[in-house]
Every structure is written in C-alpha cells, then in structure tokens.
$ cat work37.txt   # compact mmCIF, N, CA and C atoms
# COMPACT_ATOMS: atom_id res chain seq x y z
N MET A 1 94.65 13.95 -14.98
CA MET A 1 93.61 14.58 -15.77
C MET A 1 92.72 13.50 -16.37
N LYS A 2 91.40 13.69 -16.29
CA LYS A 2 90.48 12.69 -16.83
C LYS A 2 90.50 12.73 -18.36
N ILE A 3 90.69 11.56 -18.95
CA ILE A 3 90.82 11.46 -20.39
C ILE A 3 89.50 11.71 -21.12
N GLY A 4 88.36 11.47 -20.49
CA GLY A 4 87.07 11.61 -21.16
C GLY A 4 86.57 13.03 -21.28
N LYS A 5 87.37 14.01 -20.96
CA LYS A 5 86.94 15.41 -21.04
C LYS A 5 86.56 15.78 -22.47
N LYS A 6 85.46 16.53 -22.61
CA LYS A 6 84.99 16.99 -23.91
C LYS A 6 85.38 18.46 -24.04
N ILE A 7 86.16 18.77 -25.09
CA ILE A 7 86.73 20.09 -25.24
C ILE A 7 86.28 20.73 -26.55
N LEU A 8 85.92 22.01 -26.48
CA LEU A 8 85.56 22.79 -27.66
C LEU A 8 86.70 23.75 -27.97
N VAL A 9 87.30 23.60 -29.17
CA VAL A 9 88.38 24.47 -29.62
C VAL A 9 87.79 25.46 -30.61
N VAL A 10 87.94 26.76 -30.31
CA VAL A 10 87.35 27.81 -31.13
C VAL A 10 88.46 28.71 -31.68
N ASP A 11 88.61 28.72 -33.00
CA ASP A 11 89.63 29.57 -33.63
C ASP A 11 89.26 29.72 -35.10
N ASP A 12 89.43 30.92 -35.64
CA ASP A 12 89.09 31.14 -37.04
C ASP A 12 90.15 30.55 -37.98
N SER A 13 91.30 30.18 -37.45
CA SER A 13 92.35 29.57 -38.26
C SER A 13 92.29 28.04 -38.14
N SER A 14 92.09 27.37 -39.27
CA SER A 14 92.05 25.90 -39.24
C SER A 14 93.40 25.34 -38.81
N LEU A 15 94.49 26.02 -39.16
CA LEU A 15 95.82 25.59 -38.74
C LEU A 15 95.93 25.62 -37.21
N MET A 16 95.46 26.70 -36.59
CA MET A 16 95.52 26.81 -35.13
C MET A 16 94.62 25.77 -34.46
N ARG A 17 93.46 25.49 -35.05
CA ARG A 17 92.59 24.44 -34.49
C ARG A 17 93.29 23.09 -34.57
N ASP A 18 93.93 22.82 -35.72
CA ASP A 18 94.66 21.55 -35.88
C ASP A 18 95.80 21.44 -34.88
N LEU A 19 96.53 22.54 -34.68
CA LEU A 19 97.63 22.54 -33.70
C LEU A 19 97.10 22.29 -32.29
N ALA A 20 96.00 22.93 -31.94
CA ALA A 20 95.41 22.74 -30.61
C ALA A 20 94.97 21.28 -30.43
N LYS A 21 94.31 20.72 -31.46
CA LYS A 21 93.87 19.32 -31.38
C LYS A 21 95.06 18.38 -31.25
N SER A 22 96.11 18.64 -31.99
CA SER A 22 97.32 17.82 -31.93
C SER A 22 97.95 17.88 -30.53
N THR A 23 97.99 19.07 -29.97
CA THR A 23 98.55 19.24 -28.63
C THR A 23 97.68 18.53 -27.60
N LEU A 24 96.37 18.66 -27.73
CA LEU A 24 95.45 17.97 -26.80
C LEU A 24 95.60 16.46 -26.93
N LYS A 25 95.78 15.98 -28.15
CA LYS A 25 95.95 14.54 -28.39
C LYS A 25 97.20 14.02 -27.68
N GLN A 26 98.27 14.81 -27.67
CA GLN A 26 99.49 14.43 -26.95
C GLN A 26 99.22 14.28 -25.45
N LEU A 27 98.20 14.99 -24.98
CA LEU A 27 97.83 14.91 -23.56
C LEU A 27 96.71 13.88 -23.33
N LYS A 28 96.48 13.04 -24.35
CA LYS A 28 95.48 11.96 -24.28
C LYS A 28 94.05 12.50 -24.21
N LEU A 29 93.85 13.70 -24.75
CA LEU A 29 92.51 14.30 -24.80
C LEU A 29 92.07 14.30 -26.27
N ASN A 30 91.23 13.33 -26.61
CA ASN A 30 90.84 13.13 -28.01
C ASN A 30 89.41 13.53 -28.32
N ASN A 31 88.63 13.86 -27.29
CA ASN A 31 87.23 14.21 -27.48
C ASN A 31 87.12 15.72 -27.72
N VAL A 32 87.49 16.15 -28.94
CA VAL A 32 87.59 17.56 -29.26
C VAL A 32 86.68 17.92 -30.42
N THR A 33 85.94 18.99 -30.25
CA THR A 33 85.09 19.53 -31.31
C THR A 33 85.63 20.91 -31.68
N GLU A 34 85.46 21.28 -32.94
CA GLU A 34 85.98 22.57 -33.42
C GLU A 34 84.85 23.52 -33.78
N ALA A 35 85.13 24.82 -33.63
CA ALA A 35 84.24 25.88 -34.11
C ALA A 35 85.11 26.99 -34.67
N GLU A 36 84.63 27.66 -35.73
CA GLU A 36 85.41 28.69 -36.41
C GLU A 36 85.32 30.06 -35.75
N ASP A 37 84.27 30.29 -34.96
CA ASP A 37 84.10 31.58 -34.30
C ASP A 37 83.12 31.42 -33.14
N GLY A 38 82.89 32.49 -32.42
CA GLY A 38 82.02 32.44 -31.26
C GLY A 38 80.58 32.08 -31.58
N VAL A 39 80.10 32.51 -32.74
CA VAL A 39 78.72 32.20 -33.14
C VAL A 39 78.56 30.69 -33.29
N GLU A 40 79.49 30.07 -34.01
CA GLU A 40 79.46 28.62 -34.21
C GLU A 40 79.66 27.90 -32.86
N ALA A 41 80.53 28.43 -32.03
CA ALA A 41 80.79 27.83 -30.72
C ALA A 41 79.54 27.85 -29.84
N LEU A 42 78.83 28.97 -29.80
CA LEU A 42 77.61 29.05 -28.99
C LEU A 42 76.57 28.05 -29.45
N ALA A 43 76.42 27.89 -30.76
CA ALA A 43 75.47 26.90 -31.30
C ALA A 43 75.87 25.50 -30.85
N GLU A 44 77.16 25.21 -30.87
CA GLU A 44 77.67 23.91 -30.45
C GLU A 44 77.44 23.69 -28.95
N LEU A 45 77.66 24.74 -28.16
CA LEU A 45 77.48 24.66 -26.70
C LEU A 45 76.03 24.41 -26.32
N LYS A 46 75.10 24.82 -27.18
CA LYS A 46 73.66 24.60 -26.92
C LYS A 46 73.28 23.14 -27.22
N LYS A 47 74.07 22.48 -28.10
CA LYS A 47 73.77 21.11 -28.50
C LYS A 47 74.39 20.07 -27.59
N GLU A 48 75.62 20.34 -27.15
CA GLU A 48 76.41 19.35 -26.40
C GLU A 48 76.90 19.93 -25.09
N LYS A 49 77.26 19.05 -24.15
CA LYS A 49 77.85 19.48 -22.89
C LYS A 49 79.37 19.39 -23.02
N TYR A 50 80.05 20.47 -22.66
CA TYR A 50 81.52 20.51 -22.76
C TYR A 50 82.13 20.72 -21.38
N ASP A 51 83.37 20.21 -21.24
CA ASP A 51 84.11 20.34 -19.99
C ASP A 51 85.10 21.50 -20.04
N LEU A 52 85.37 22.03 -21.25
CA LEU A 52 86.34 23.11 -21.40
C LEU A 52 86.14 23.80 -22.74
N ILE A 53 86.31 25.13 -22.73
CA ILE A 53 86.34 25.91 -23.97
C ILE A 53 87.76 26.47 -24.09
N LEU A 54 88.40 26.20 -25.22
CA LEU A 54 89.74 26.70 -25.53
C LEU A 54 89.55 27.59 -26.75
N SER A 55 89.61 28.90 -26.56
CA SER A 55 89.21 29.83 -27.62
C SER A 55 90.28 30.85 -27.96
N ASP A 56 90.36 31.18 -29.24
CA ASP A 56 91.17 32.30 -29.70
C ASP A 56 90.51 33.58 -29.17
N LEU A 57 91.31 34.63 -29.03
CA LEU A 57 90.75 35.92 -28.59
C LEU A 57 90.21 36.70 -29.78
N TYR A 58 90.97 36.76 -30.87
CA TYR A 58 90.59 37.59 -32.02
C TYR A 58 90.03 36.73 -33.14
N MET A 59 88.70 36.89 -33.40
CA MET A 59 88.01 36.16 -34.47
C MET A 59 86.93 37.05 -35.06
N PRO A 60 86.55 36.80 -36.33
CA PRO A 60 85.44 37.55 -36.91
C PRO A 60 84.10 37.08 -36.32
N ASN A 61 83.04 37.79 -36.61
CA ASN A 61 81.66 37.49 -36.21
C ASN A 61 81.45 37.63 -34.70
N MET A 62 82.10 36.82 -33.91
CA MET A 62 82.04 36.93 -32.45
C MET A 62 83.40 36.51 -31.92
N ASP A 63 84.11 37.44 -31.27
CA ASP A 63 85.46 37.11 -30.78
C ASP A 63 85.42 36.36 -29.46
N GLY A 64 86.59 36.01 -28.96
CA GLY A 64 86.69 35.23 -27.73
C GLY A 64 86.12 35.92 -26.52
N LEU A 65 86.30 37.24 -26.42
CA LEU A 65 85.76 37.99 -25.29
C LEU A 65 84.23 37.99 -25.32
N GLU A 66 83.65 38.21 -26.51
CA GLU A 66 82.18 38.19 -26.64
C GLU A 66 81.64 36.79 -26.33
N LEU A 67 82.35 35.77 -26.78
CA LEU A 67 81.94 34.39 -26.48
C LEU A 67 81.99 34.13 -24.98
N LEU A 68 83.08 34.55 -24.35
CA LEU A 68 83.22 34.39 -22.90
C LEU A 68 82.06 35.05 -22.16
N LYS A 69 81.73 36.28 -22.54
CA LYS A 69 80.63 37.00 -21.88
C LYS A 69 79.30 36.29 -22.10
N ALA A 70 79.09 35.76 -23.30
CA ALA A 70 77.85 35.03 -23.60
C ALA A 70 77.77 33.75 -22.76
N VAL A 71 78.89 33.05 -22.64
CA VAL A 71 78.94 31.81 -21.84
C VAL A 71 78.69 32.13 -20.37
N ARG A 72 79.36 33.14 -19.85
CA ARG A 72 79.22 33.48 -18.42
C ARG A 72 77.83 34.02 -18.08
N SER A 73 77.10 34.53 -19.05
CA SER A 73 75.76 35.06 -18.77
C SER A 73 74.66 34.01 -18.97
N ASP A 74 75.04 32.80 -19.40
CA ASP A 74 74.07 31.72 -19.62
C ASP A 74 74.15 30.75 -18.44
N ARG A 75 73.03 30.57 -17.74
CA ARG A 75 73.08 29.76 -16.52
C ARG A 75 73.46 28.30 -16.78
N ASP A 76 73.20 27.79 -17.98
CA ASP A 76 73.56 26.40 -18.30
C ASP A 76 75.04 26.25 -18.68
N LEU A 77 75.67 27.35 -19.07
CA LEU A 77 77.04 27.28 -19.58
C LEU A 77 78.06 27.96 -18.66
N LYS A 78 77.59 28.78 -17.74
CA LYS A 78 78.49 29.70 -17.01
C LYS A 78 79.62 29.04 -16.23
N ASN A 79 79.49 27.76 -15.89
CA ASN A 79 80.53 27.11 -15.09
C ASN A 79 81.57 26.35 -15.91
N ILE A 80 81.46 26.42 -17.25
CA ILE A 80 82.43 25.72 -18.09
C ILE A 80 83.76 26.48 -18.03
N PRO A 81 84.85 25.79 -17.68
CA PRO A 81 86.16 26.46 -17.69
C PRO A 81 86.47 27.01 -19.08
N PHE A 82 87.06 28.20 -19.11
CA PHE A 82 87.30 28.92 -20.36
C PHE A 82 88.74 29.41 -20.38
N ILE A 83 89.50 28.96 -21.38
CA ILE A 83 90.89 29.39 -21.55
C ILE A 83 91.00 30.08 -22.91
N ILE A 84 91.59 31.26 -22.92
CA ILE A 84 91.80 31.99 -24.17
C ILE A 84 93.23 31.78 -24.64
N MET A 85 93.37 31.61 -25.96
CA MET A 85 94.68 31.54 -26.59
C MET A 85 94.85 32.82 -27.40
N THR A 86 95.98 33.48 -27.25
CA THR A 86 96.19 34.73 -27.97
C THR A 86 97.65 34.91 -28.35
N ILE A 87 97.88 35.71 -29.38
CA ILE A 87 99.25 36.04 -29.76
C ILE A 87 99.70 37.30 -29.01
N ASN A 88 98.76 37.99 -28.39
CA ASN A 88 99.05 39.25 -27.71
C ASN A 88 99.62 38.98 -26.31
N LYS A 89 100.85 39.39 -26.08
CA LYS A 89 101.50 39.15 -24.79
C LYS A 89 101.15 40.20 -23.74
N LYS A 90 100.44 41.25 -24.13
CA LYS A 90 100.11 42.32 -23.18
C LYS A 90 98.95 41.90 -22.28
N LYS A 91 99.20 41.87 -20.99
CA LYS A 91 98.18 41.44 -20.04
C LYS A 91 96.96 42.37 -20.05
N GLU A 92 97.19 43.66 -20.39
CA GLU A 92 96.06 44.62 -20.41
C GLU A 92 94.98 44.17 -21.39
N SER A 93 95.40 43.53 -22.49
CA SER A 93 94.42 43.08 -23.48
C SER A 93 93.53 41.97 -22.93
N LEU A 94 93.98 41.32 -21.87
CA LEU A 94 93.19 40.24 -21.26
C LEU A 94 92.48 40.69 -20.00
N LYS A 95 92.71 41.92 -19.58
CA LYS A 95 92.14 42.43 -18.33
C LYS A 95 90.61 42.30 -18.33
N GLU A 96 89.97 42.73 -19.43
CA GLU A 96 88.52 42.66 -19.52
C GLU A 96 88.03 41.22 -19.48
N ALA A 97 88.77 40.33 -20.15
CA ALA A 97 88.39 38.91 -20.16
C ALA A 97 88.53 38.30 -18.76
N LEU A 98 89.61 38.64 -18.06
CA LEU A 98 89.80 38.13 -16.70
C LEU A 98 88.69 38.65 -15.78
N GLU A 99 88.31 39.91 -15.96
CA GLU A 99 87.22 40.48 -15.16
C GLU A 99 85.88 39.84 -15.50
N ALA A 100 85.74 39.36 -16.75
CA ALA A 100 84.49 38.73 -17.20
C ALA A 100 84.40 37.26 -16.79
N GLY A 101 85.45 36.73 -16.14
CA GLY A 101 85.38 35.36 -15.66
C GLY A 101 86.24 34.36 -16.39
N LEU A 102 87.25 34.84 -17.12
CA LEU A 102 88.18 33.95 -17.79
C LEU A 102 88.94 33.13 -16.75
N ASN A 103 89.07 31.82 -17.00
CA ASN A 103 89.82 30.97 -16.07
C ASN A 103 91.32 31.14 -16.23
N ASP A 104 91.78 31.21 -17.49
CA ASP A 104 93.22 31.32 -17.74
C ASP A 104 93.43 31.66 -19.19
N TYR A 105 94.71 31.88 -19.56
CA TYR A 105 95.03 32.18 -20.95
C TYR A 105 96.38 31.58 -21.31
N LEU A 106 96.59 31.42 -22.60
CA LEU A 106 97.84 30.89 -23.15
C LEU A 106 98.31 31.81 -24.25
N ILE A 107 99.62 32.03 -24.33
CA ILE A 107 100.20 32.81 -25.42
C ILE A 107 100.57 31.85 -26.55
N LYS A 108 100.13 32.16 -27.77
CA LYS A 108 100.48 31.34 -28.93
C LYS A 108 101.92 31.62 -29.33
N PRO A 109 102.64 30.65 -29.87
CA PRO A 109 102.21 29.27 -30.09
C PRO A 109 102.15 28.50 -28.76
N VAL A 110 101.12 27.71 -28.63
CA VAL A 110 100.86 26.96 -27.40
C VAL A 110 101.71 25.70 -27.37
N THR A 111 102.45 25.50 -26.29
CA THR A 111 103.24 24.27 -26.15
C THR A 111 102.45 23.23 -25.36
N THR A 112 102.82 21.98 -25.55
CA THR A 112 102.16 20.89 -24.82
C THR A 112 102.32 21.09 -23.32
N ASN A 113 103.52 21.48 -22.90
CA ASN A 113 103.80 21.69 -21.48
C ASN A 113 102.93 22.80 -20.89
N ASP A 114 102.85 23.94 -21.60
CA ASP A 114 102.02 25.06 -21.12
C ASP A 114 100.56 24.66 -21.03
N LEU A 115 100.07 24.00 -22.07
CA LEU A 115 98.66 23.58 -22.08
C LEU A 115 98.39 22.59 -20.96
N SER A 116 99.30 21.65 -20.76
CA SER A 116 99.15 20.66 -19.70
C SER A 116 99.03 21.34 -18.33
N LYS A 117 99.90 22.32 -18.07
CA LYS A 117 99.85 23.04 -16.78
C LYS A 117 98.52 23.75 -16.59
N LYS A 118 98.04 24.42 -17.65
CA LYS A 118 96.77 25.17 -17.55
C LYS A 118 95.60 24.21 -17.34
N LEU A 119 95.61 23.08 -18.05
CA LEU A 119 94.52 22.12 -17.91
C LEU A 119 94.51 21.50 -16.52
N ASN A 120 95.69 21.17 -16.00
CA ASN A 120 95.75 20.62 -14.66
C ASN A 120 95.20 21.62 -13.64
N LYS A 121 95.52 22.90 -13.82
CA LYS A 121 95.04 23.94 -12.93
C LYS A 121 93.51 24.07 -13.02
N VAL A 122 92.99 24.06 -14.23
CA VAL A 122 91.55 24.24 -14.43
C VAL A 122 90.75 23.02 -13.96
N PHE A 123 91.30 21.82 -14.15
CA PHE A 123 90.55 20.60 -13.83
C PHE A 123 90.82 20.05 -12.42
N GLU A 124 91.72 20.69 -11.64
CA GLU A 124 92.03 20.12 -10.33
C GLU A 124 90.88 20.29 -9.35
$ encode --input "work37.txt" --output "structure tokens"
Amino acid sequence: MKIGKKILVVDDSSLMRDLAKSTLKQLKLNNVTEAEDGVEALAELKKEKYDLILSDLYMPNMDGLELLKAVRSDRDLKNIPFIIMTINKKKESLKEALEAGLNDYLIKPVTTNDLSKKLNKVFE
C-alpha cells in the first residue's frame, strides 16, 4: 500500500475519527484529514484531492449515503474510493449505498486487520 495516500475520515464522533486516524497510523497512513459530516466533507473534497473517503453512515446534516451520492454525481470526485463505517450489521441497510457505488464497508468497531484488508482491496 502506498504510504502517501491522502485520506478523508468523516464521522460526527470525534472519538470515532480519532480511532480511525489511530488505526490508519498503524498502517503507516498519516496523511489524514477529518470532517464532522458530509457537508464539511464535500467542502474539503472541493479544496483538496483525496485518494480515499472513509465515512460513517449515520451523521447529522448530511449522512454517509448522501455524501456518497454527492461524490458519485460529481465528475471530479466520482472515482474516489469510498468505504462506509457503520455499527449496523444488516446488509440491507447498505444495499442502497452499494447500488450508489460504494466500494466497501466496515462494521464498527473497526480493527486494524479489517481496515488493512479493505484498503488493500480498494488500492490494488
């Protein structure tokens, strides 16, 4: 996995963002930016180029599904790999996201091993 990857972590919980950053750091991925919701994430995506979006599914203002749809409908952003993190283990809740172009998903709490596997799959 290339270490210089720029990753946007989107979650309304600062604790979850910190956990995601810590897990990414264990994988030697230190170029991480945070956003509290989809609105903040979209603004960030317009400013900088990212190699991956790692987003919570349930957030206020704009949730992960709405963010995914906004990213996939923007010609400058549509090819950015998108992984959703969720506490919901029901695959049906992710059906719409998968149909909208989600690359993959992780069930919280996210382990280093699980994240590593998903990143290798997305970046191969």
$ atom_distance --input "work37.txt" --atom1 "CA of Gly38 in chain A" --atom2 "CA of Met85 in chain A"
13.5 Å
$ select_by_dssp --input "work37.txt" --residues "range 41-88 of chain A" --states "strand (DSSP E)" --output "PyMOL selection string"
chain A and resi 52-56+82-86
$ closest_residue --input "work37.txt" --among "A:Tyr58, A:Thr112, A:Lys117, A:Ile84" --to "Lys25 in chain A" --atoms "only C-alpha atoms"
A:Thr112
$ atom_distance --input "work37.txt" --atom1 "CA of Ala43 in chain A" --atom2 "atom C of Leu8 in chain A"
12.1 Å
$ closest_residue --input "work37.txt" --among "A:Ala97, A:Ile87, A:Ile7, A:Val32" --to "Pro109 in chain A" --atoms "all atoms listed in the file"
A:Ile87
$ closest_residue --input "work37.txt" --among "A:Glu40, A:Asp11, A:Glu66, A:Glu92" --to "Leu54 in chain A" --atoms "all atoms listed in the file"
A:Asp11
$ closest_residue --input "work37.txt" --among "A:Met59, A:Met16, A:Leu115, A:Leu65" --to "Ser93 in chain A" --atoms "only C-alpha atoms"
A:Leu65
$ closest_residue --input "work37.txt" --among "A:Glu96, A:Val10, A:Asn113, A:Ile83" --to "Glu44 in chain A" --atoms "only C-alpha atoms"
A:Val10
$ residues_around --input "work37.txt" --residues "Pro81 in chain A" --least-positions-apart "5" --cutoff "6 Å" --atoms "only N, CA and C atoms" --output "list in words"
Asp51, Leu52, Ile53 and Asn103 of chain A
$ select_by_dssp --input "work37.txt" --residues "range 39-81 of chain A" --states "alpha helix (DSSP H)" --output "short mmCIF file (atom, residue, chain, number, x, y, z; two decimals) with N, CA and C atoms, keeping the file's coordinate frame"
data_model
loop_
_atom_site.label_atom_id
_atom_site.label_comp_id
_atom_site.auth_asym_id
_atom_site.auth_seq_id
_atom_site.Cartn_x
_atom_site.Cartn_y
_atom_site.Cartn_z
N VAL A 39 80.10 32.51 -32.74
CA VAL A 39 78.72 32.20 -33.14
C VAL A 39 78.56 30.69 -33.29
N GLU A 40 79.49 30.07 -34.01
CA GLU A 40 79.46 28.62 -34.21
C GLU A 40 79.66 27.90 -32.86
N ALA A 41 80.53 28.43 -32.03
CA ALA A 41 80.79 27.83 -30.72
C ALA A 41 79.54 27.85 -29.84
N LEU A 42 78.83 28.97 -29.80
CA LEU A 42 77.61 29.05 -28.99
C LEU A 42 76.57 28.05 -29.45
N ALA A 43 76.42 27.89 -30.76
CA ALA A 43 75.47 26.90 -31.30
C ALA A 43 75.87 25.50 -30.85
N GLU A 44 77.16 25.21 -30.87
CA GLU A 44 77.67 23.91 -30.45
C GLU A 44 77.44 23.69 -28.95
N LEU A 45 77.66 24.74 -28.16
CA LEU A 45 77.48 24.66 -26.70
C LEU A 45 76.03 24.41 -26.32
N LYS A 46 75.10 24.82 -27.18
CA LYS A 46 73.66 24.60 -26.92
C LYS A 46 73.28 23.14 -27.22
N LYS A 47 74.07 22.48 -28.10
CA LYS A 47 73.77 21.11 -28.50
C LYS A 47 74.39 20.07 -27.59
N GLY A 64 86.59 36.01 -28.96
CA GLY A 64 86.69 35.23 -27.73
C GLY A 64 86.12 35.92 -26.52
N LEU A 65 86.30 37.24 -26.42
CA LEU A 65 85.76 37.99 -25.29
C LEU A 65 84.23 37.99 -25.32
N GLU A 66 83.65 38.21 -26.51
CA GLU A 66 82.18 38.19 -26.64
C GLU A 66 81.64 36.79 -26.33
N LEU A 67 82.35 35.77 -26.78
CA LEU A 67 81.94 34.39 -26.48
C LEU A 67 81.99 34.13 -24.98
N LEU A 68 83.08 34.55 -24.35
CA LEU A 68 83.22 34.39 -22.90
C LEU A 68 82.06 35.05 -22.16
N LYS A 69 81.73 36.28 -22.54
CA LYS A 69 80.63 37.00 -21.88
C LYS A 69 79.30 36.29 -22.10
N ALA A 70 79.09 35.76 -23.30
CA ALA A 70 77.85 35.03 -23.60
C ALA A 70 77.77 33.75 -22.76
N VAL A 71 78.89 33.05 -22.64
CA VAL A 71 78.94 31.81 -21.84
C VAL A 71 78.69 32.13 -20.37
N ARG A 72 79.36 33.14 -19.85
CA ARG A 72 79.22 33.48 -18.42
C ARG A 72 77.83 34.02 -18.08
#
$ atom_distance --input "work37.txt" --atom1 "CA of Thr23 in chain A" --atom2 "atom N of Lys49 in chain A"
21.8 Å
$ closest_residue --input "work37.txt" --among "A:Asn30, A:Pro60, A:Ile80, A:Lys108" --to "Val122 in chain A" --atoms "only C-alpha atoms"
A:Ile80
$ residues_around --input "work37.txt" --residues "Gly4 in chain A" --least-positions-apart "2" --cutoff "8 Å" --atoms "only C-alpha atoms" --output "PyMOL selection string"
chain A and resi 2+6+29-31
$ write_last_selection --input "work37.txt" --atoms "N, CA and C atoms" --output "short mmCIF file (atom, residue, chain, number, x, y, z; two decimals), in the coordinates of the input"
data_model
loop_
_atom_site.label_atom_id
_atom_site.label_comp_id
_atom_site.auth_asym_id
_atom_site.auth_seq_id
_atom_site.Cartn_x
_atom_site.Cartn_y
_atom_site.Cartn_z
N LYS A 2 91.40 13.69 -16.29
CA LYS A 2 90.48 12.69 -16.83
C LYS A 2 90.50 12.73 -18.36
N LYS A 6 85.46 16.53 -22.61
CA LYS A 6 84.99 16.99 -23.91
C LYS A 6 85.38 18.46 -24.04
N LEU A 29 93.85 13.70 -24.75
CA LEU A 29 92.51 14.30 -24.80
C LEU A 29 92.07 14.30 -26.27
N ASN A 30 91.23 13.33 -26.61
CA ASN A 30 90.84 13.13 -28.01
C ASN A 30 89.41 13.53 -28.32
N ASN A 31 88.63 13.86 -27.29
CA ASN A 31 87.23 14.21 -27.48
C ASN A 31 87.12 15.72 -27.72
#
